[in-house]
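File shown: entry-v1.pdb. Contents: PDB, C-alpha atoms and all ligand atoms.
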ATOM      1  CA  MET A   5       3.055 124.855 -74.547  1.00  0.00           C
ATOM      2  CA  LYS A   6       3.639 123.483 -78.009  1.00  0.00           C
ATOM      3  CA  ILE A   7       6.238 125.074 -80.289  1.00  0.00           C
ATOM      4  CA  THR A   8       6.383 124.064 -83.937  1.00  0.00           C
ATOM      5  CA  ILE A   9       9.344 125.236 -86.004  1.00  0.00           C
ATOM      6  CA  LEU A  10       9.130 125.131 -89.804  1.00  0.00           C
ATOM      7  CA  THR A  11      12.528 125.095 -91.500  1.00  0.00           C
ATOM      8  CA  LEU A  12      14.513 123.761 -94.444  1.00  0.00           C
ATOM      9  CA  PHE A  13      17.361 122.972 -92.018  1.00  0.00           C
ATOM     10  CA  PRO A  14      16.021 120.852 -89.136  1.00  0.00           C
ATOM     11  CA  GLU A  15      19.525 119.729 -88.109  1.00  0.00           C
ATOM     12  CA  MET A  16      20.276 123.304 -87.048  1.00  0.00           C
ATOM     13  CA  PHE A  17      18.028 122.793 -84.006  1.00  0.00           C
ATOM     14  CA  ALA A  18      20.271 120.230 -82.286  1.00  0.00           C
ATOM     15  CA  PRO A  19      21.138 122.755 -79.495  1.00  0.00           C
ATOM     16  CA  LEU A  20      17.542 122.601 -78.252  1.00  0.00           C
ATOM     17  CA  LYS A  21      18.152 118.952 -77.326  1.00  0.00           C
ATOM     18  CA  GLU A  22      20.641 120.060 -74.663  1.00  0.00           C
ATOM     19  CA  SER A  23      20.487 121.498 -71.172  1.00  0.00           C
ATOM     20  CA  ILE A  24      17.324 123.010 -69.697  1.00  0.00           C
ATOM     21  CA  ILE A  25      15.190 123.008 -72.845  1.00  0.00           C
ATOM     22  CA  GLY A  26      16.303 119.479 -73.787  1.00  0.00           C
ATOM     23  CA  ARG A  27      15.278 118.228 -70.343  1.00  0.00           C
ATOM     24  CA  ALA A  28      11.932 120.063 -70.448  1.00  0.00           C
ATOM     25  CA  VAL A  29      11.156 118.406 -73.783  1.00  0.00           C
ATOM     26  CA  LYS A  30      12.133 114.952 -72.471  1.00  0.00           C
ATOM     27  CA  GLU A  31       9.929 115.476 -69.418  1.00  0.00           C
ATOM     28  CA  GLY A  32       6.999 116.505 -71.620  1.00  0.00           C
ATOM     29  CA  LYS A  33       6.767 120.061 -70.224  1.00  0.00           C
ATOM     30  CA  ILE A  34       7.215 121.516 -73.686  1.00  0.00           C
ATOM     31  CA  GLU A  35       6.251 119.876 -76.958  1.00  0.00           C
ATOM     32  CA  LEU A  36       8.837 120.839 -79.555  1.00  0.00           C
ATOM     33  CA  ASN A  37       8.044 119.897 -83.110  1.00  0.00           C
ATOM     34  CA  ILE A  38      10.741 120.562 -85.738  1.00  0.00           C
ATOM     35  CA  VAL A  39       9.207 120.213 -89.202  1.00  0.00           C
ATOM     36  CA  ASN A  40      11.104 120.007 -92.476  1.00  0.00           C
ATOM     37  CA  ILE A  41       9.294 122.198 -94.998  1.00  0.00           C
ATOM     38  CA  ARG A  42      10.738 120.052 -97.796  1.00  0.00           C
ATOM     39  CA  ASP A  43       8.543 117.148 -96.621  1.00  0.00           C
ATOM     40  CA  TYR A  44       5.552 119.126 -97.920  1.00  0.00           C
ATOM     41  CA  THR A  45       6.721 120.035-101.411  1.00  0.00           C
ATOM     42  CA  GLU A  46       4.644 118.742-104.314  1.00  0.00           C
ATOM     43  CA  ASP A  47       7.589 119.214-106.688  1.00  0.00           C
ATOM     44  CA  LYS A  48       8.978 115.928-107.983  1.00  0.00           C
ATOM     45  CA  HIS A  49      12.548 117.203-107.500  1.00  0.00           C
ATOM     46  CA  LEU A  50      11.684 118.353-103.945  1.00  0.00           C
ATOM     47  CA  LYS A  51      12.371 121.939-104.931  1.00  0.00           C
ATOM     48  CA  CYS A  52      11.387 124.560-102.338  1.00  0.00           C
ATOM     49  CA  ASP A  53      12.939 127.769-103.717  1.00  0.00           C
ATOM     50  CA  ASP A  54      13.143 129.585-107.034  1.00  0.00           C
ATOM     51  CA  TYR A  55      14.435 132.766-108.670  1.00  0.00           C
ATOM     52  CA  PRO A  56      12.697 136.035-107.728  1.00  0.00           C
ATOM     53  CA  PHE A  57      10.257 137.559-110.227  1.00  0.00           C
ATOM     54  CA  GLY A  58      11.704 140.859-111.382  1.00  0.00           C
ATOM     55  CA  GLY A  59      15.264 139.613-111.027  1.00  0.00           C
ATOM     56  CA  GLY A  60      17.825 140.175-108.308  1.00  0.00           C
ATOM     57  CA  ALA A  61      20.253 138.094-106.305  1.00  0.00           C
ATOM     58  CA  GLY A  62      19.438 134.905-104.447  1.00  0.00           C
ATOM     59  CA  MET A  63      16.480 132.585-104.231  1.00  0.00           C
ATOM     60  CA  VAL A  64      13.032 132.955-102.711  1.00  0.00           C
ATOM     61  CA  MET A  65      11.225 130.192-100.804  1.00  0.00           C
ATOM     62  CA  MET A  66       8.156 129.053-102.765  1.00  0.00           C
ATOM     63  CA  PRO A  67       4.696 129.384-101.230  1.00  0.00           C
ATOM     64  CA  GLN A  68       3.328 125.862-101.808  1.00  0.00           C
ATOM     65  CA  PRO A  69       5.592 123.823 -99.469  1.00  0.00           C
ATOM     66  CA  ILE A  70       5.283 126.406 -96.682  1.00  0.00           C
ATOM     67  CA  GLY A  71       1.506 126.811 -97.072  1.00  0.00           C
ATOM     68  CA  SER A  72       0.977 123.037 -97.000  1.00  0.00           C
ATOM     69  CA  ALA A  73       3.285 122.648 -93.974  1.00  0.00           C
ATOM     70  CA  ILE A  74       1.460 125.364 -92.015  1.00  0.00           C
ATOM     71  CA  GLU A  75      -1.952 123.908 -92.833  1.00  0.00           C
ATOM     72  CA  ALA A  76      -0.748 120.468 -91.733  1.00  0.00           C
ATOM     73  CA  VAL A  77       0.624 121.613 -88.356  1.00  0.00           C
ATOM     74  CA  ASP A  78      -2.140 124.124 -87.544  1.00  0.00           C
ATOM     75  CA  PRO A  79      -5.219 123.144 -89.581  1.00  0.00           C
ATOM     76  CA  GLU A  80      -7.691 125.325 -87.670  1.00  0.00           C
ATOM     77  CA  HIS A  81      -5.431 128.340 -87.248  1.00  0.00           C
ATOM     78  CA  ARG A  82      -5.405 128.186 -83.458  1.00  0.00           C
ATOM     79  CA  ALA A  83      -1.679 128.824 -83.129  1.00  0.00           C
ATOM     80  CA  ARG A  84       0.110 132.145 -83.166  1.00  0.00           C
ATOM     81  CA  ARG A  85       1.967 131.998 -86.467  1.00  0.00           C
ATOM     82  CA  ILE A  86       5.184 133.988 -86.480  1.00  0.00           C
ATOM     83  CA  TYR A  87       7.616 134.626 -89.316  1.00  0.00           C
ATOM     84  CA  LEU A  88      11.169 135.478 -88.243  1.00  0.00           C
ATOM     85  CA  SER A  89      12.404 138.424 -90.251  1.00  0.00           C
ATOM     86  CA  PRO A  90      14.522 141.548 -89.816  1.00  0.00           C
ATOM     87  CA  LYS A  91      11.423 143.526 -90.880  1.00  0.00           C
ATOM     88  CA  GLY A  92       9.425 142.378 -87.864  1.00  0.00           C
ATOM     89  CA  ARG A  93       8.565 143.858 -84.475  1.00  0.00           C
ATOM     90  CA  VAL A  94      11.738 143.770 -82.387  1.00  0.00           C
ATOM     91  CA  PHE A  95      11.645 140.989 -79.796  1.00  0.00           C
ATOM     92  CA  ARG A  96      11.683 142.106 -76.152  1.00  0.00           C
ATOM     93  CA  GLN A  97      11.062 140.427 -72.818  1.00  0.00           C
ATOM     94  CA  GLN A  98       7.489 141.774 -72.739  1.00  0.00           C
ATOM     95  CA  MET A  99       6.713 139.780 -75.907  1.00  0.00           C
ATOM     96  CA  VAL A 100       7.705 136.554 -74.127  1.00  0.00           C
ATOM     97  CA  PHE A 101       4.701 137.047 -71.850  1.00  0.00           C
ATOM     98  CA  GLU A 102       2.467 137.805 -74.832  1.00  0.00           C
ATOM     99  CA  PHE A 103       3.531 134.605 -76.592  1.00  0.00           C
ATOM    100  CA  LEU A 104       2.972 132.555 -73.433  1.00  0.00           C
ATOM    101  CA  GLU A 105      -0.758 133.298 -73.765  1.00  0.00           C
ATOM    102  CA  TYR A 106      -0.912 130.955 -76.778  1.00  0.00           C
ATOM    103  CA  GLU A 107      -1.017 127.193 -76.414  1.00  0.00           C
ATOM    104  CA  HIS A 108       0.784 126.724 -79.697  1.00  0.00           C
ATOM    105  CA  LEU A 109       3.424 128.852 -81.441  1.00  0.00           C
ATOM    106  CA  VAL A 110       4.357 128.194 -85.060  1.00  0.00           C
ATOM    107  CA  LEU A 111       7.740 129.725 -85.941  1.00  0.00           C
ATOM    108  CA  LEU A 112       8.479 129.945 -89.656  1.00  0.00           C
ATOM    109  CA  CYS A 113      12.151 130.259 -90.612  1.00  0.00           C
ATOM    110  CA  GLY A 114      13.011 131.945 -93.883  1.00  0.00           C
ATOM    111  CA  HIS A 115      16.338 131.353 -95.593  1.00  0.00           C
ATOM    112  CA  TYR A 116      18.078 132.776 -98.665  1.00  0.00           C
ATOM    113  CA  GLU A 117      16.260 136.005 -99.717  1.00  0.00           C
ATOM    114  CA  GLY A 118      13.180 135.107 -97.668  1.00  0.00           C
ATOM    115  CA  VAL A 119       9.738 133.731 -98.466  1.00  0.00           C
ATOM    116  CA  ASP A 120       7.190 134.600-101.155  1.00  0.00           C
ATOM    117  CA  GLN A 121       5.068 137.531 -99.889  1.00  0.00           C
ATOM    118  CA  ARG A 122       1.861 135.498-100.351  1.00  0.00           C
ATOM    119  CA  VAL A 123       2.915 133.180 -97.525  1.00  0.00           C
ATOM    120  CA  LEU A 124       2.911 136.189 -95.196  1.00  0.00           C
ATOM    121  CA  ASP A 125      -0.360 137.535 -96.592  1.00  0.00           C
ATOM    122  CA  LEU A 126      -2.181 134.206 -96.322  1.00  0.00           C
ATOM    123  CA  PHE A 127      -0.743 132.347 -93.353  1.00  0.00           C
ATOM    124  CA  ILE A 128       1.258 134.534 -90.939  1.00  0.00           C
ATOM    125  CA  ASP A 129      -0.036 136.540 -87.948  1.00  0.00           C
ATOM    126  CA  GLU A 130       3.069 138.625 -87.355  1.00  0.00           C
ATOM    127  CA  GLU A 131       6.719 139.116 -88.235  1.00  0.00           C
ATOM    128  CA  VAL A 132       9.284 139.224 -85.439  1.00  0.00           C
ATOM    129  CA  SER A 133      12.919 140.351 -85.573  1.00  0.00           C
ATOM    130  CA  ILE A 134      15.447 139.548 -82.852  1.00  0.00           C
ATOM    131  CA  GLY A 135      17.395 142.745 -83.484  1.00  0.00           C
ATOM    132  CA  ASP A 136      18.644 145.232 -86.014  1.00  0.00           C
ATOM    133  CA  TYR A 137      21.085 143.031 -87.901  1.00  0.00           C
ATOM    134  CA  VAL A 138      20.663 140.529 -90.712  1.00  0.00           C
ATOM    135  CA  LEU A 139      21.262 136.806 -90.218  1.00  0.00           C
ATOM    136  CA  THR A 140      21.448 134.067 -92.859  1.00  0.00           C
ATOM    137  CA  GLY A 141      18.047 132.735 -91.851  1.00  0.00           C
ATOM    138  CA  GLY A 142      15.340 132.574 -89.212  1.00  0.00           C
ATOM    139  CA  GLU A 143      16.704 129.451 -87.506  1.00  0.00           C
ATOM    140  CA  LEU A 144      18.779 131.211 -84.815  1.00  0.00           C
ATOM    141  CA  PRO A 145      15.962 133.713 -84.113  1.00  0.00           C
ATOM    142  CA  ALA A 146      13.476 130.812 -83.790  1.00  0.00           C
ATOM    143  CA  MET A 147      15.782 129.210 -81.224  1.00  0.00           C
ATOM    144  CA  VAL A 148      15.996 132.497 -79.323  1.00  0.00           C
ATOM    145  CA  ILE A 149      12.207 132.726 -79.120  1.00  0.00           C
ATOM    146  CA  ALA A 150      11.727 129.027 -78.270  1.00  0.00           C
ATOM    147  CA  ASP A 151      14.313 129.301 -75.474  1.00  0.00           C
ATOM    148  CA  SER A 152      13.090 132.549 -73.934  1.00  0.00           C
ATOM    149  CA  VAL A 153       9.442 131.434 -73.953  1.00  0.00           C
ATOM    150  CA  SER A 154      10.118 127.889 -72.708  1.00  0.00           C
ATOM    151  CA  ARG A 155      11.853 129.118 -69.545  1.00  0.00           C
ATOM    152  CA  TYR A 156       8.499 130.484 -68.347  1.00  0.00           C
ATOM    153  CA  VAL A 157       6.511 127.306 -68.969  1.00  0.00           C
ATOM    154  CA  ASP A 158       5.487 125.765 -65.628  1.00  0.00           C
ATOM    155  CA  GLY A 159       8.116 123.460 -64.200  1.00  0.00           C
ATOM    156  CA  VAL A 160      10.883 124.251 -66.697  1.00  0.00           C
ATOM    157  CA  LEU A 161      12.864 126.370 -64.200  1.00  0.00           C
ATOM    158  CA  SER A 162      12.643 126.454 -60.431  1.00  0.00           C
ATOM    159  CA  ALA A 163      10.330 129.295 -59.365  1.00  0.00           C
ATOM    160  CA  GLY A 164      13.128 131.304 -57.682  1.00  0.00           C
ATOM    161  CA  SER A 165      15.128 131.505 -60.903  1.00  0.00           C
ATOM    162  CA  LEU A 166      12.555 133.763 -62.479  1.00  0.00           C
ATOM    163  CA  VAL A 167      12.117 136.229 -59.614  1.00  0.00           C
ATOM    164  CA  ASP A 168      15.171 138.467 -59.793  1.00  0.00           C
ATOM    165  CA  GLU A 169      16.280 138.150 -63.354  1.00  0.00           C
ATOM    166  CA  SER A 170      17.223 140.833 -65.814  1.00  0.00           C
ATOM    167  CA  PHE A 171      14.352 142.820 -67.312  1.00  0.00           C
ATOM    168  CA  SER A 172      11.854 141.928 -64.617  1.00  0.00           C
ATOM    169  CA  GLU A 173      10.961 145.459 -63.428  1.00  0.00           C
ATOM    170  CA  ASN A 174      13.089 146.897 -66.261  1.00  0.00           C
ATOM    171  CA  LEU A 175      16.318 146.342 -64.316  1.00  0.00           C
ATOM    172  CA  LEU A 176      19.337 144.298 -65.341  1.00  0.00           C
ATOM    173  CA  GLU A 177      20.575 141.654 -62.969  1.00  0.00           C
ATOM    174  CA  TYR A 178      22.950 142.371 -60.076  1.00  0.00           C
ATOM    175  CA  PRO A 179      26.410 140.700 -60.094  1.00  0.00           C
ATOM    176  CA  GLN A 180      26.633 137.097 -58.881  1.00  0.00           C
ATOM    177  CA  TYR A 181      29.510 135.389 -57.067  1.00  0.00           C
ATOM    178  CA  THR A 182      30.323 131.833 -56.031  1.00  0.00           C
ATOM    179  CA  ARG A 183      33.330 130.165 -54.398  1.00  0.00           C
ATOM    180  CA  PRO A 184      36.186 130.854 -53.832  1.00  0.00           C
ATOM    181  CA  VAL A 185      35.886 133.993 -51.696  1.00  0.00           C
ATOM    182  CA  GLU A 186      39.059 135.329 -53.285  1.00  0.00           C
ATOM    183  CA  TYR A 187      40.098 134.857 -56.911  1.00  0.00           C
ATOM    184  CA  ARG A 188      43.159 136.570 -58.388  1.00  0.00           C
ATOM    185  CA  GLY A 189      43.040 139.296 -55.794  1.00  0.00           C
ATOM    186  CA  LEU A 190      39.305 140.017 -56.183  1.00  0.00           C
ATOM    187  CA  THR A 191      37.105 139.292 -53.185  1.00  0.00           C
ATOM    188  CA  VAL A 192      33.391 138.527 -52.980  1.00  0.00           C
ATOM    189  CA  PRO A 193      31.647 141.595 -51.442  1.00  0.00           C
ATOM    190  CA  GLU A 194      31.439 141.265 -47.669  1.00  0.00           C
ATOM    191  CA  VAL A 195      27.656 141.874 -47.566  1.00  0.00           C
ATOM    192  CA  LEU A 196      26.942 138.698 -49.581  1.00  0.00           C
ATOM    193  CA  ARG A 197      28.750 136.667 -46.915  1.00  0.00           C
ATOM    194  CA  SER A 198      27.051 138.425 -44.018  1.00  0.00           C
ATOM    195  CA  GLY A 199      23.929 136.240 -43.872  1.00  0.00           C
ATOM    196  CA  ASN A 200      21.844 139.422 -43.429  1.00  0.00           C
ATOM    197  CA  HIS A 201      19.131 139.007 -46.047  1.00  0.00           C
ATOM    198  CA  GLY A 202      17.745 142.506 -45.650  1.00  0.00           C
ATOM    199  CA  LYS A 203      21.159 143.961 -46.378  1.00  0.00           C
ATOM    200  CA  ILE A 204      21.785 141.507 -49.214  1.00  0.00           C
ATOM    201  CA  ASP A 205      18.485 142.453 -50.895  1.00  0.00           C
ATOM    202  CA  ALA A 206      19.248 146.172 -50.537  1.00  0.00           C
ATOM    203  CA  TRP A 207      22.769 145.712 -51.966  1.00  0.00           C
ATOM    204  CA  ARG A 208      21.451 143.717 -54.925  1.00  0.00           C
ATOM    205  CA  ARG A 209      18.832 146.335 -55.729  1.00  0.00           C
ATOM    206  CA  GLU A 210      21.411 149.091 -55.573  1.00  0.00           C
ATOM    207  CA  GLN A 211      23.740 147.117 -57.852  1.00  0.00           C
ATOM    208  CA  ALA A 212      20.927 146.324 -60.311  1.00  0.00           C
ATOM    209  CA  LEU A 213      20.135 150.030 -60.557  1.00  0.00           C
ATOM    210  CA  ALA A 214      23.808 150.951 -61.037  1.00  0.00           C
ATOM    211  CA  VAL A 215      24.344 148.287 -63.743  1.00  0.00           C
ATOM    212  CA  THR A 216      21.201 149.389 -65.563  1.00  0.00           C
ATOM    213  CA  LYS A 217      22.190 153.064 -65.367  1.00  0.00           C
ATOM    214  CA  LYS A 218      25.624 152.240 -66.780  1.00  0.00           C
ATOM    215  CA  CYS A 219      24.755 149.646 -69.463  1.00  0.00           C
ATOM    216  CA  ARG A 220      21.145 150.361 -70.464  1.00  0.00           C
ATOM    217  CA  PRO A 221      19.955 153.785 -69.253  1.00  0.00           C
ATOM    218  CA  ASP A 222      17.138 153.570 -71.843  1.00  0.00           C
ATOM    219  CA  LEU A 223      15.459 150.875 -69.678  1.00  0.00           C
ATOM    220  CA  LEU A 224      15.177 153.305 -66.753  1.00  0.00           C
ATOM    221  CA  LYS A 225      13.449 155.845 -68.953  1.00  0.00           C
ATOM    222  CA  GLY A 226      10.958 153.125 -69.951  1.00  0.00           C
ATOM    223  CA  GLU A 227      11.961 153.357 -73.618  1.00  0.00           C
TER     224      GLU A 227
HETATM  225  N1  LIG B 301      16.246 136.621 -90.286  1.00  0.00           N
HETATM  226  C1  LIG B 301      17.375 137.234 -90.673  1.00  0.00           C
HETATM  227  N2  LIG B 301      17.746 138.163 -89.787  1.00  0.00           N
HETATM  228  C2  LIG B 301      16.824 138.155 -88.789  1.00  0.00           C
HETATM  229  C3  LIG B 301      16.639 138.895 -87.588  1.00  0.00           C
HETATM  230  N3  LIG B 301      17.482 139.848 -87.209  1.00  0.00           N
HETATM  231  N4  LIG B 301      15.572 138.603 -86.831  1.00  0.00           N
HETATM  232  C4  LIG B 301      14.709 137.646 -87.201  1.00  0.00           C
HETATM  233  N5  LIG B 301      14.827 136.927 -88.326  1.00  0.00           N
HETATM  234  C5  LIG B 301      15.869 137.170 -89.122  1.00  0.00           C
END
What is this file in structure tokens?
Ligand code: ADE
Amino acid sequence: MKITILTLFPEMFAPLKESIIGRAVKEGKIELNIVNIRDYTEDKHLKCDDYPFGGGAGMVMMPQPIGSAIEAVDPEHRARRIYLSPKGRVFRQQMVFEFLEYEHLVLLCGHYEGVDQRVLDLFIDEEVSIGDYVLTGGELPAMVIADSVSRYVDGVLSAGSLVDESFSENLLEYPQYTRPVEYRGLTVPEVLRSGNHGKIDAWRREQALAVTKKCRPDLLKGE
């Protein structure tokens, strides 16, 4: 899986150098390509944004640097090209599996008041939002998508880690405990220390159902 991120702020992606994703990149399991849109501007002052036609607050990202960057990273339009935007389809676990079908994802991050509409009309396959709130740019959403997709790339996580997790089967995850057995008067449930795997599985399923009913009943109704 190759993930290309187009941004005016490449330094914002330092967190992807850490932990599980950082290791997967180092080991060559994921190819992560952070591209500075400014490297593609034809403006002699390296300008990438300008005032909106029609007036209004803020600046709009100009089409030329973005168009040239996209054509450079995906010349034959083989990638799935996604623009992060609050107007997009709301990101859910099911979409992770959709995105995994592509060998290459291009994630375009807007900033300021967004990008010129012609970029979307000419170069983008779909807009994706990570939720109903507005952020200062698409950089955090791009990291969310890169992280959630990368975990499913072969060899990034151990196979067992993906079996019981939240949202598989529309259930949230059961509670987890580690040592010590007692902490500030709270004890690890007896069943988890019983060694009886049948009983442990049944308890976890019951707990997953209860947590889902309490925190996200909409998931049980398949909404
Ligand atoms: N850009 C700004 N807010 C966003 C959101 N909620 N999702 C995706 N991209 C965004």
Ranking A:Thr140, A:Gly62, A:Val160, A:Ser170 by minimum distance to Glu117 (chain A) and counting all atoms listed in the file, which one comes first?
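Nearest to Glu117 (chain A): A:Gly62.
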If you take all atoms listed in the file and a cut-off of 12 Å, which residues of region 99-206 of chain A touch region 6-19 of chain A, and what are their nearest atom pairs and distances in Å to one decimal, in chain and number order, as CSV?
residue,atom,partner,partner_atom,distance
A:Phe103,CA,A:Ile7,CA,10.6
A:Leu104,CA,A:Lys6,CA,10.2
A:Glu105,CA,A:Lys6,CA,11.6
A:Tyr106,CA,A:Lys6,CA,8.8
A:Glu107,CA,A:Lys6,CA,6.2
A:His108,CA,A:Lys6,CA,4.6
A:Leu109,CA,A:Ile7,CA,4.8
A:Val110,CA,A:Thr8,CA,4.7
A:Leu111,CA,A:Ile9,CA,4.8
A:Leu112,CA,A:Leu10,CA,4.9
A:Cys113,CA,A:Thr11,CA,5.3
A:Gly114,CA,A:Thr11,CA,7.3
A:His115,CA,A:Leu12,CA,7.9
A:Tyr116,CA,A:Leu12,CA,10.6
A:Gly118,CA,A:Thr11,CA,11.8
A:Val119,CA,A:Thr11,CA,11.4
A:Thr140,CA,A:Phe13,CA,11.9
A:Gly141,CA,A:Thr11,CA,9.4
A:Gly142,CA,A:Thr11,CA,8.3
A:Glu143,CA,A:Met16,CA,7.1
A:Leu144,CA,A:Met16,CA,8.4
A:Pro145,CA,A:Ile9,CA,10.9
A:Ala146,CA,A:Ile9,CA,7.3
A:Met147,CA,A:Phe17,CA,7.3
A:Val148,CA,A:Phe17,CA,11.0
A:Ile149,CA,A:Ile7,CA,9.8
A:Ala150,CA,A:Ile7,CA,7.1
A:Asp151,CA,A:Pro19,CA,10.3
A:Ser152,CA,A:Ile7,CA,12.0
A:Val153,CA,A:Ile7,CA,9.5
A:Ser154,CA,A:Ile7,CA,9.0
A:Val157,CA,A:Lys6,CA,10.2
Sorted by chain and rising residue number, which residues of chain A lie within 6 Å of ligand LIG 301 (chain B), and what are their closest atom pairs and distances in Å to one decimal, counting only C-alpha atoms and all ligand atoms, as JSON lines?
{"residue": "A:Leu88", "atom": "CA", "partner": "B:LIG301", "partner_atom": "N5", "distance": 3.9}
{"residue": "A:Ser89", "atom": "CA", "partner": "B:LIG301", "partner_atom": "N5", "distance": 3.4}
{"residue": "A:Pro90", "atom": "CA", "partner": "B:LIG301", "partner_atom": "C3", "distance": 4.1}
{"residue": "A:Val132", "atom": "CA", "partner": "B:LIG301", "partner_atom": "C4", "distance": 5.9}
{"residue": "A:Ser133", "atom": "CA", "partner": "B:LIG301", "partner_atom": "N4", "distance": 3.4}
{"residue": "A:Ile134", "atom": "CA", "partner": "B:LIG301", "partner_atom": "N4", "distance": 4.1}
{"residue": "A:Gly135", "atom": "CA", "partner": "B:LIG301", "partner_atom": "N3", "distance": 4.7}
{"residue": "A:Asp136", "atom": "CA", "partner": "B:LIG301", "partner_atom": "N3", "distance": 5.6}
{"residue": "A:Tyr137", "atom": "CA", "partner": "B:LIG301", "partner_atom": "N3", "distance": 4.9}
{"residue": "A:Val138", "atom": "CA", "partner": "B:LIG301", "partner_atom": "N2", "distance": 3.9}
{"residue": "A:Leu139", "atom": "CA", "partner": "B:LIG301", "partner_atom": "N2", "distance": 3.8}
{"residue": "A:Thr140", "atom": "CA", "partner": "B:LIG301", "partner_atom": "C1", "distance": 5.6}
{"residue": "A:Gly141", "atom": "CA", "partner": "B:LIG301", "partner_atom": "N1", "distance": 4.6}
{"residue": "A:Gly142", "atom": "CA", "partner": "B:LIG301", "partner_atom": "N1", "distance": 4.3}
{"residue": "A:Pro145", "atom": "CA", "partner": "B:LIG301", "partner_atom": "C4", "distance": 5.2}
Selection result for the PyMOL selection byres (((chain A and resi 72-78) around 10) and not hetatm) on this file, as a PyMOL selection string:
chain A and resi 8-11+37+39-46+67-71+79-85+108-112+123+127-128
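For the pair CA of Leu224 (chain A) and CA of Glu173 (chain A), the separation is 9.5 Å.
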What is the CA of Arg155 (chain A) to CA of Leu124 (chain A) distance in Å?
28.1 Å
Could you spell out the hits of the PyMOL selection byres (((chain A and resi 198-209) around 10) and not hetatm) on the shown file, as a list in words?
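The output of the PyMOL selection byres (((chain A and resi 198-209) around 10) and not hetatm) on this file is Asp168, Leu175, Leu176, Glu177, Tyr178, Pro179, Gln180, Pro193, Glu194, Val195, Leu196, Arg197, Glu210, Gln211, Ala212, Leu213, Ala214 and Val215 of chain A.
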If I take CA of Ile25 (chain A) and CA of Asp158 (chain A), how far is one from the other in Å, to one decimal?
12.4 Å
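With distances taken over all atoms listed in the file, A:Glu131 is the one residue among A:Glu131, A:Leu36, A:Ala61, A:Tyr181 lying closest to Phe95 (chain A).
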Which residue gives the smallest distance to Leu223 (chain A) among A:Tyr156, A:Lys91, A:Arg96, A:Asp125, with only C-alpha atoms counted?
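For Leu223 (chain A), the nearest of the given residues is A:Arg96.
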Padding 5 Å on every side, please: axis-aligned box over the listed atoms of region 181-197 of chain A, centre and edge lengths to one decimal in Å, as AutoDock Vina command-line options.
--center_x 35.1 --center_y 136.0 --center_z -52.7 --size_x 26.2 --size_y 21.7 --size_z 21.5
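Comparing A:Ile38, A:Leu20, A:Asp120, A:Glu102 by their smallest distance to Met66 (chain A), the closest is A:Asp120 (using only C-alpha atoms).
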